[in-house]
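Engineer: So that you have it, the file is structure.cif, and it contains mmCIF, C-alpha atoms:
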```cif
data_model
loop_
_atom_site.group_PDB
_atom_site.id
_atom_site.type_symbol
_atom_site.label_atom_id
_atom_site.label_comp_id
_atom_site.auth_asym_id
_atom_site.auth_seq_id
_atom_site.Cartn_x
_atom_site.Cartn_y
_atom_site.Cartn_z
ATOM 1 C CA MET S 1 -0.104 -1.607 9.218
ATOM 2 C CA SER S 2 3.060 -3.223 7.888
ATOM 3 C CA ASP S 3 4.745 -1.613 4.926
ATOM 4 C CA ALA S 4 3.961 -2.773 1.437
ATOM 5 C CA LEU S 5 6.680 -4.148 -0.804
ATOM 6 C CA ILE S 6 6.617 -2.253 -4.107
ATOM 7 C CA LEU S 7 8.370 -3.795 -7.101
ATOM 8 C CA MET S 8 9.641 -1.465 -9.806
ATOM 9 C CA GLY S 9 11.697 -1.861 -12.952
ATOM 10 C CA ILE S 10 11.507 -1.805 -16.703
ATOM 11 C CA LYS S 11 8.891 -3.703 -18.662
ATOM 12 C CA HIS S 12 9.551 -7.454 -18.716
ATOM 13 C CA CYS S 13 11.933 -7.486 -15.763
ATOM 14 C CA GLY S 14 9.678 -9.926 -13.894
ATOM 15 C CA LYS S 15 7.731 -7.676 -11.510
ATOM 16 C CA THR S 16 4.424 -9.545 -11.824
ATOM 17 C CA THR S 17 6.016 -12.990 -11.600
ATOM 18 C CA GLN S 18 8.051 -12.002 -8.556
ATOM 19 C CA GLY S 19 5.107 -10.168 -7.043
ATOM 20 C CA ARG S 20 2.970 -13.290 -7.099
ATOM 21 C CA LEU S 21 5.764 -15.434 -5.678
ATOM 22 C CA LEU S 22 6.512 -12.934 -2.915
ATOM 23 C CA SER S 23 2.849 -12.505 -1.984
ATOM 24 C CA ARG S 24 2.596 -16.274 -1.527
ATOM 25 C CA HIS S 25 5.862 -16.331 0.425
ATOM 26 C CA PHE S 26 4.683 -13.566 2.788
ATOM 27 C CA ALA S 27 1.014 -14.697 2.782
ATOM 28 C CA CYS S 28 -0.193 -11.220 1.838
ATOM 29 C CA PRO S 29 -2.275 -9.715 -0.971
ATOM 30 C CA PHE S 30 -0.811 -8.983 -4.408
ATOM 31 C CA PHE S 31 -1.703 -5.982 -6.551
ATOM 32 C CA ASP S 32 -0.560 -5.157 -10.057
ATOM 33 C CA THR S 33 -1.102 -1.462 -10.784
ATOM 34 C CA ASP S 34 -1.586 -2.219 -14.497
ATOM 35 C CA ASP S 35 -4.421 -4.608 -13.610
ATOM 36 C CA VAL S 36 -5.939 -2.067 -11.226
ATOM 37 C CA LEU S 37 -5.751 0.613 -13.924
ATOM 38 C CA GLN S 38 -7.604 -1.710 -16.308
ATOM 39 C CA GLU S 39 -10.266 -2.480 -13.692
ATOM 40 C CA LEU S 40 -10.834 1.230 -13.082
ATOM 41 C CA THR S 41 -10.845 2.366 -16.729
ATOM 42 C CA GLY S 42 -12.051 -0.699 -18.610
ATOM 43 C CA ARG S 43 -8.997 -0.380 -20.869
ATOM 44 C CA SER S 44 -5.480 -1.788 -20.810
ATOM 45 C CA PRO S 45 -2.664 0.645 -19.997
ATOM 46 C CA ARG S 46 -1.546 0.451 -23.621
ATOM 47 C CA GLN S 47 -5.069 1.318 -24.828
ATOM 48 C CA VAL S 48 -5.370 4.265 -22.441
ATOM 49 C CA TYR S 49 -2.019 5.606 -23.635
ATOM 50 C CA ALA S 50 -2.826 5.106 -27.331
ATOM 51 C CA GLU S 51 -6.417 6.370 -27.239
ATOM 52 C CA GLN S 52 -6.226 9.166 -24.672
ATOM 53 C CA GLY S 53 -2.585 10.206 -24.626
ATOM 54 C CA GLU S 54 0.234 10.315 -22.126
ATOM 55 C CA GLU S 55 -1.365 12.832 -19.755
ATOM 56 C CA ALA S 56 -4.511 10.718 -19.334
ATOM 57 C CA PHE S 57 -2.404 7.606 -18.852
ATOM 58 C CA VAL S 58 -0.265 9.245 -16.142
ATOM 59 C CA ALA S 59 -3.428 10.395 -14.329
ATOM 60 C CA ALA S 60 -4.990 6.915 -14.579
ATOM 61 C CA GLU S 61 -1.818 5.269 -13.287
ATOM 62 C CA ALA S 62 -1.667 7.624 -10.306
ATOM 63 C CA GLU S 63 -5.343 6.936 -9.548
ATOM 64 C CA ALA S 64 -4.654 3.178 -9.679
ATOM 65 C CA CYS S 65 -1.946 3.674 -7.038
ATOM 66 C CA ARG S 66 -4.272 5.769 -4.860
ATOM 67 C CA HIS S 67 -6.926 3.047 -5.211
ATOM 68 C CA VAL S 68 -4.463 0.426 -3.920
ATOM 69 C CA ALA S 69 -3.540 2.772 -1.056
ATOM 70 C CA ARG S 70 -7.213 3.092 -0.099
ATOM 71 C CA LEU S 71 -7.661 -0.689 -0.182
ATOM 72 C CA LEU S 72 -4.655 -1.173 2.094
ATOM 73 C CA ALA S 73 -5.857 1.521 4.494
ATOM 74 C CA GLU S 74 -9.115 -0.412 4.942
ATOM 75 C CA ARG S 75 -7.329 -3.630 5.930
ATOM 76 C CA LEU S 76 -6.646 -4.718 9.475
ATOM 77 C CA PRO S 77 -3.004 -4.439 10.587
ATOM 78 C CA ALA S 78 -0.994 -7.236 9.008
ATOM 79 C CA ALA S 79 0.795 -9.800 11.163
ATOM 80 C CA GLN S 80 3.177 -10.696 8.346
ATOM 81 C CA PRO S 81 6.251 -8.620 7.418
ATOM 82 C CA TYR S 82 4.477 -6.934 4.498
ATOM 83 C CA ALA S 83 0.881 -5.746 4.174
ATOM 84 C CA ALA S 84 0.941 -6.395 0.423
ATOM 85 C CA VAL S 85 3.193 -6.829 -2.574
ATOM 86 C CA ILE S 86 2.604 -4.347 -5.395
ATOM 87 C CA ALA S 87 3.937 -4.723 -8.939
ATOM 88 C CA THR S 88 4.044 -1.505 -10.957
ATOM 89 C CA GLY S 89 4.003 -0.570 -14.627
ATOM 90 C CA GLY S 90 7.344 -0.342 -16.385
ATOM 91 C CA GLY S 91 7.195 3.423 -16.861
ATOM 92 C CA ILE S 92 6.018 4.418 -13.401
ATOM 93 C CA CYS S 93 9.405 6.002 -12.664
ATOM 94 C CA LYS S 94 8.284 8.934 -14.842
ATOM 95 C CA ASN S 95 5.060 9.417 -12.875
ATOM 96 C CA ASP S 96 6.043 11.540 -9.865
ATOM 97 C CA GLU S 97 2.546 11.523 -8.362
ATOM 98 C CA ALA S 98 2.250 7.737 -8.523
ATOM 99 C CA VAL S 99 5.737 7.271 -7.067
ATOM 100 C CA ALA S 100 4.896 9.601 -4.171
ATOM 101 C CA VAL S 101 1.758 7.564 -3.378
ATOM 102 C CA LEU S 102 3.714 4.319 -3.466
ATOM 103 C CA ARG S 103 6.654 5.659 -1.452
ATOM 104 C CA ALA S 104 4.219 6.450 1.374
ATOM 105 C CA LEU S 105 3.064 2.812 1.338
ATOM 106 C CA GLY S 106 6.391 1.104 1.865
ATOM 107 C CA THR S 107 9.671 -0.068 0.381
ATOM 108 C CA LEU S 108 10.479 0.643 -3.275
ATOM 109 C CA VAL S 109 12.474 -2.228 -4.782
ATOM 110 C CA PHE S 110 14.228 -1.915 -8.144
ATOM 111 C CA LEU S 111 14.325 -5.254 -9.957
ATOM 112 C CA HIS S 112 17.315 -4.705 -12.218
ATOM 113 C CA ALA S 113 17.134 -7.216 -15.059
ATOM 114 C CA PRO S 114 19.981 -7.583 -17.575
ATOM 115 C CA GLU S 115 19.342 -5.571 -20.730
ATOM 116 C CA LYS S 116 19.500 -8.613 -23.002
ATOM 117 C CA THR S 117 16.922 -10.505 -20.945
ATOM 118 C CA ALA S 118 14.412 -7.648 -21.097
ATOM 119 C CA ALA S 119 15.097 -6.907 -24.782
ATOM 120 C CA ASP S 120 14.668 -10.565 -25.734
ATOM 121 C CA ARG S 121 11.271 -10.632 -24.006
ATOM 122 C CA ILE S 122 10.139 -7.528 -25.894
ATOM 123 C CA VAL S 123 11.343 -8.857 -29.257
ATOM 124 C CA ARG S 124 9.517 -12.159 -28.633
ATOM 125 C CA GLU S 125 6.216 -10.250 -28.474
ATOM 126 C CA VAL S 126 6.772 -8.301 -31.708
ATOM 127 C CA ARG S 127 4.786 -9.449 -34.734
ATOM 128 C CA VAL S 128 5.932 -8.756 -38.278
ATOM 129 C CA GLU S 129 2.961 -8.017 -40.568
ATOM 130 C CA ALA S 130 2.757 -9.082 -44.229
ATOM 131 C CA ASP S 131 3.832 -5.582 -45.287
ATOM 132 C CA GLY S 132 6.921 -5.844 -43.065
ATOM 133 C CA SER S 133 5.654 -3.453 -40.397
ATOM 134 C CA LEU S 134 6.263 -4.277 -36.749
ATOM 135 C CA VAL S 135 3.324 -4.423 -34.333
ATOM 136 C CA ASN S 136 2.818 -5.107 -30.629
ATOM 137 C CA LEU S 137 5.668 -2.796 -29.659
ATOM 138 C CA PRO S 138 5.739 -0.891 -26.374
ATOM 139 C CA ALA S 139 4.579 2.703 -26.970
ATOM 140 C CA TYR S 140 7.988 4.207 -26.188
ATOM 141 C CA ILE S 141 9.557 2.084 -28.945
ATOM 142 C CA ALA S 142 6.654 2.370 -31.405
ATOM 143 C CA ARG S 143 7.028 6.179 -31.288
ATOM 144 C CA GLU S 144 10.441 5.815 -32.908
ATOM 145 C CA ARG S 145 8.969 3.767 -35.774
ATOM 146 C CA PRO S 146 11.653 1.047 -35.963
ATOM 147 C CA GLN S 147 11.763 -0.872 -39.231
ATOM 148 C CA THR S 148 13.745 -3.920 -38.068
ATOM 149 C CA LEU S 149 14.209 -5.950 -34.901
ATOM 150 C CA ASP S 150 17.759 -4.580 -34.656
ATOM 151 C CA GLU S 151 16.277 -1.081 -34.564
ATOM 152 C CA VAL S 152 13.877 -2.255 -31.836
ATOM 153 C CA ARG S 153 16.861 -3.384 -29.767
ATOM 154 C CA ALA S 154 18.715 -0.097 -30.399
ATOM 155 C CA SER S 155 15.673 1.888 -29.275
ATOM 156 C CA PHE S 156 15.325 -0.305 -26.213
ATOM 157 C CA HIS S 157 18.991 0.225 -25.318
ATOM 158 C CA ARG S 158 18.529 3.993 -25.058
ATOM 159 C CA PHE S 159 15.398 3.498 -22.988
ATOM 160 C CA TYR S 160 17.088 0.899 -20.753
ATOM 161 C CA VAL S 161 19.978 3.207 -19.847
ATOM 162 C CA GLU S 162 17.653 6.111 -19.009
ATOM 163 C CA ARG S 163 15.171 4.034 -17.011
ATOM 164 C CA THR S 164 17.895 2.211 -15.083
ATOM 165 C CA GLU S 165 19.222 5.551 -13.862
ATOM 166 C CA ARG S 166 15.730 6.697 -12.847
ATOM 167 C CA TYR S 167 14.885 3.530 -10.938
ATOM 168 C CA ALA S 168 18.245 3.464 -9.172
ATOM 169 C CA ALA S 169 17.608 7.040 -7.997
ATOM 170 C CA ILE S 170 14.111 6.488 -6.554
ATOM 171 C CA CYS S 171 14.289 2.977 -5.070
ATOM 172 C CA THR S 172 15.716 2.149 -1.656
ATOM 173 C CA VAL S 173 16.579 -1.470 -2.503
ATOM 174 C CA ARG S 174 18.193 -2.615 -5.748
ATOM 175 C CA VAL S 175 18.174 -6.289 -6.721
ATOM 176 C CA PRO S 176 20.248 -7.426 -9.714
ATOM 177 C CA LEU S 177 18.298 -10.267 -11.340
ATOM 178 C CA GLU S 178 20.063 -13.031 -13.206
ATOM 179 C CA PRO S 179 18.918 -15.211 -16.118
ATOM 180 C CA ALA S 180 17.773 -17.743 -13.523
ATOM 181 C CA SER S 181 14.546 -19.391 -12.421
ATOM 182 C CA PRO S 182 11.857 -17.206 -10.822
ATOM 183 C CA GLU S 183 12.399 -19.028 -7.539
ATOM 184 C CA GLU S 184 16.153 -18.328 -7.588
ATOM 185 C CA ASN S 185 15.515 -14.661 -8.323
ATOM 186 C CA MET S 186 12.993 -14.516 -5.482
ATOM 187 C CA GLN S 187 15.726 -15.714 -3.138
ATOM 188 C CA SER S 188 17.927 -12.859 -4.379
ATOM 189 C CA ILE S 189 15.126 -10.412 -3.554
ATOM 190 C CA LEU S 190 14.684 -11.894 -0.074
ATOM 191 C CA ARG S 191 18.424 -11.629 0.603
ATOM 192 C CA ALA S 192 18.471 -7.987 -0.544
ATOM 193 C CA LEU S 193 15.495 -7.157 1.664
ATOM 194 C CA ALA S 194 17.109 -8.799 4.675
ATOM 195 C CA ALA S 195 20.361 -6.911 4.055
ATOM 196 C CA SER S 196 18.509 -3.578 3.789
ATOM 197 C CA ARG S 197 16.877 -3.831 7.224
#
```
Before anything else, please render the file you have as structure tokens.

Structural biologist:
Amino acid sequence: MSDALILMGIKHCGKTTQGRLLSRHFACPFFDTDDVLQELTGRSPRQVYAEQGEEAFVAAEAEACRHVARLLAERLPAAQPYAAVIATGGGICKNDEAVAVLRALGTLVFLHAPEKTAADRIVREVRVEADGSLVNLPAYIARERPQTLDEVRASFHRFYVERTERYAAICTVRVPLEPASPEENMQSILRALAASR
């Protein structure tokens, strides 16, 4: 079987968008581990984390990766360069078991989005309630209980620096993404893959 192409990076870096584009480009299946987790548990990743805690979430995420591995093992050998494209959750770099499963499947690609691009996408999703509280925050930011959007950005900055270091350490291919169209960024990914071979 051909290797899978596994896209990693912080939340809102474009993994799902690029995953769909790349799966069409390579004519291979696309999996999103967050979607698989939801199919297996009946809950979104955010719900699993909030309702059952971090340990249960990490276990569910690893099981989602094993489920994808089993699906790929059942497929006939792929004629195309990649057996599948897999987009992962933004925090998977902290899940050693899930990363080990994915590493065995193929090439880990770090989609390195500019901090401002990712932060802007997160802030766009935040809702300010009548009492001034902020809702619809990622769990890692919500834990810090920010009171303003500036505090959301400050929290994200700390997270961005730490996660960037983690992803750079575990991935074999790093692709700097620009504030460009999805198609232009896909071309950057294709060039990086070609250069890594």

Engineer: With all atoms listed in the file as the basis for distance, which of S:Leu149, S:Gly42, S:Leu22, S:Glu74 is at the shortest distance from Ala60 (chain S)?

Structural biologist: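 Going through S:Leu149, S:Gly42, S:Leu22, S:Glu74 one by one, the smallest distance to Ala60 (chain S) is for S:Gly42.
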
Engineer: Would you kindly return, as a PDB file with C-alpha atoms, in the coordinates of the input, each protein, DNA or RNA residue with an atom no farther than 12 Å from any atom of Arg166 (chain S), considering all atoms listed in the file and excluding same-chain residues fewer than 3 positions away?

Structural biologist:
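Written out: selection.pdb:
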```pdb
ATOM      1  CA  MET S   8       9.641  -1.465  -9.806  1.00  0.00           C
ATOM      2  CA  GLY S   9      11.697  -1.861 -12.952  1.00  0.00           C
ATOM      3  CA  ILE S  10      11.507  -1.805 -16.703  1.00  0.00           C
ATOM      4  CA  GLY S  90       7.344  -0.342 -16.385  1.00  0.00           C
ATOM      5  CA  GLY S  91       7.195   3.423 -16.861  1.00  0.00           C
ATOM      6  CA  ILE S  92       6.018   4.418 -13.401  1.00  0.00           C
ATOM      7  CA  CYS S  93       9.405   6.002 -12.664  1.00  0.00           C
ATOM      8  CA  LYS S  94       8.284   8.934 -14.842  1.00  0.00           C
ATOM      9  CA  ASN S  95       5.060   9.417 -12.875  1.00  0.00           C
ATOM     10  CA  ASP S  96       6.043  11.540  -9.865  1.00  0.00           C
ATOM     11  CA  VAL S  99       5.737   7.271  -7.067  1.00  0.00           C
ATOM     12  CA  PHE S 110      14.228  -1.915  -8.144  1.00  0.00           C
ATOM     13  CA  HIS S 112      17.315  -4.705 -12.218  1.00  0.00           C
ATOM     14  CA  PHE S 159      15.398   3.498 -22.988  1.00  0.00           C
ATOM     15  CA  TYR S 160      17.088   0.899 -20.753  1.00  0.00           C
ATOM     16  CA  VAL S 161      19.978   3.207 -19.847  1.00  0.00           C
ATOM     17  CA  GLU S 162      17.653   6.111 -19.009  1.00  0.00           C
ATOM     18  CA  ARG S 163      15.171   4.034 -17.011  1.00  0.00           C
ATOM     19  CA  ALA S 169      17.608   7.040  -7.997  1.00  0.00           C
ATOM     20  CA  ILE S 170      14.111   6.488  -6.554  1.00  0.00           C
ATOM     21  CA  CYS S 171      14.289   2.977  -5.070  1.00  0.00           C
ATOM     22  CA  ARG S 174      18.193  -2.615  -5.748  1.00  0.00           C
TER      23      ARG S 174
END
```

Engineer: Figure out the distance between CA of Glu144 (chain S) and CA of Glu115 (chain S), please, to one decimal in Å.

Structural biologist: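 Pair CA of Glu115 (chain S) / CA of Glu144 (chain S) returns 18.9 Å.
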
Engineer: Might I get the box with edges along x, y and z of the file that holds all atoms of region 90-98 of chain S listed there, padded by 6 Å on every side, given as centre and edge lengths in Å to one decimal, as AutoDock Vina command-line options?

Structural biologist:
```
--center_x 5.8 --center_y 5.6 --center_z -12.6 --size_x 19.2 --size_y 23.9 --size_z 20.5
```

Engineer: Need the shell around Ala195 (chain S): protein/DNA/RNA residues with any atom at most 12 Å away, counting only C-alpha atoms. Skip same-chain ones fewer than 3 positions apart. Format as a list in words?

Structural biologist: Thr172, Val173, Arg174, Val175, Ser188, Ile189, Leu190, Arg191 and Ala192 of chain S

Engineer: Find the residue from S:His67, S:Arg143, S:Arg43, S:Arg103 that sits nearest to Ser155 (chain S); use only C-alpha atoms when measuring.

Structural biologist: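 Once distances to Ser155 (chain S) are computed over only C-alpha atoms, the minimum belongs to S:Arg143.
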
Engineer: What is the CA of Ser23 (chain S) to CA of Val85 (chain S) distance in Å?

Structural biologist: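 A separation of 5.7 Å between them.
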
Engineer: Could you tell me which residues the PyMOL selection byres ((chain S and resi 135) around 12) returns for this structure, as a PyMOL selection string?

Structural biologist: chain S and resi 122-134+136-139+141-143+145-149+152

Engineer: When you draw a straight line from CA of Leu7 (chain S) to CA of Ala83 (chain S), how long is it in Å?

Structural biologist: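 Between these atoms lies a distance of 13.7 Å.
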
Engineer: Translate the PyMOL selection byres ((chain S and resi 15) around 12) into a concrete residue list for this structure, as number ranges by chain.

Structural biologist: S: 5-14, 16-23, 30-34, 85-90, 109-113, 118, 175, 177, 182, 185-186, 189

Engineer: Keeping C-alpha atoms, export the residues of the selection given above as a PDB file, in the frame of the given file.

Structural biologist:
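Below you can see result-v9.pdb, which holds the result:
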```
ATOM      1  CA  LEU S   5       6.680  -4.148  -0.804  1.00  0.00           C
ATOM      2  CA  ILE S   6       6.617  -2.253  -4.107  1.00  0.00           C
ATOM      3  CA  LEU S   7       8.370  -3.795  -7.101  1.00  0.00           C
ATOM      4  CA  MET S   8       9.641  -1.465  -9.806  1.00  0.00           C
ATOM      5  CA  GLY S   9      11.697  -1.861 -12.952  1.00  0.00           C
ATOM      6  CA  ILE S  10      11.507  -1.805 -16.703  1.00  0.00           C
ATOM      7  CA  LYS S  11       8.891  -3.703 -18.662  1.00  0.00           C
ATOM      8  CA  HIS S  12       9.551  -7.454 -18.716  1.00  0.00           C
ATOM      9  CA  CYS S  13      11.933  -7.486 -15.763  1.00  0.00           C
ATOM     10  CA  GLY S  14       9.678  -9.926 -13.894  1.00  0.00           C
ATOM     11  CA  THR S  16       4.424  -9.545 -11.824  1.00  0.00           C
ATOM     12  CA  THR S  17       6.016 -12.990 -11.600  1.00  0.00           C
ATOM     13  CA  GLN S  18       8.051 -12.002  -8.556  1.00  0.00           C
ATOM     14  CA  GLY S  19       5.107 -10.168  -7.043  1.00  0.00           C
ATOM     15  CA  ARG S  20       2.970 -13.290  -7.099  1.00  0.00           C
ATOM     16  CA  LEU S  21       5.764 -15.434  -5.678  1.00  0.00           C
ATOM     17  CA  LEU S  22       6.512 -12.934  -2.915  1.00  0.00           C
ATOM     18  CA  SER S  23       2.849 -12.505  -1.984  1.00  0.00           C
ATOM     19  CA  PHE S  30      -0.811  -8.983  -4.408  1.00  0.00           C
ATOM     20  CA  PHE S  31      -1.703  -5.982  -6.551  1.00  0.00           C
ATOM     21  CA  ASP S  32      -0.560  -5.157 -10.057  1.00  0.00           C
ATOM     22  CA  THR S  33      -1.102  -1.462 -10.784  1.00  0.00           C
ATOM     23  CA  ASP S  34      -1.586  -2.219 -14.497  1.00  0.00           C
ATOM     24  CA  VAL S  85       3.193  -6.829  -2.574  1.00  0.00           C
ATOM     25  CA  ILE S  86       2.604  -4.347  -5.395  1.00  0.00           C
ATOM     26  CA  ALA S  87       3.937  -4.723  -8.939  1.00  0.00           C
ATOM     27  CA  THR S  88       4.044  -1.505 -10.957  1.00  0.00           C
ATOM     28  CA  GLY S  89       4.003  -0.570 -14.627  1.00  0.00           C
ATOM     29  CA  GLY S  90       7.344  -0.342 -16.385  1.00  0.00           C
ATOM     30  CA  VAL S 109      12.474  -2.228  -4.782  1.00  0.00           C
ATOM     31  CA  PHE S 110      14.228  -1.915  -8.144  1.00  0.00           C
ATOM     32  CA  LEU S 111      14.325  -5.254  -9.957  1.00  0.00           C
ATOM     33  CA  HIS S 112      17.315  -4.705 -12.218  1.00  0.00           C
ATOM     34  CA  ALA S 113      17.134  -7.216 -15.059  1.00  0.00           C
ATOM     35  CA  ALA S 118      14.412  -7.648 -21.097  1.00  0.00           C
ATOM     36  CA  VAL S 175      18.174  -6.289  -6.721  1.00  0.00           C
ATOM     37  CA  LEU S 177      18.298 -10.267 -11.340  1.00  0.00           C
ATOM     38  CA  PRO S 182      11.857 -17.206 -10.822  1.00  0.00           C
ATOM     39  CA  ASN S 185      15.515 -14.661  -8.323  1.00  0.00           C
ATOM     40  CA  MET S 186      12.993 -14.516  -5.482  1.00  0.00           C
ATOM     41  CA  ILE S 189      15.126 -10.412  -3.554  1.00  0.00           C
TER      42      ILE S 189
END
```
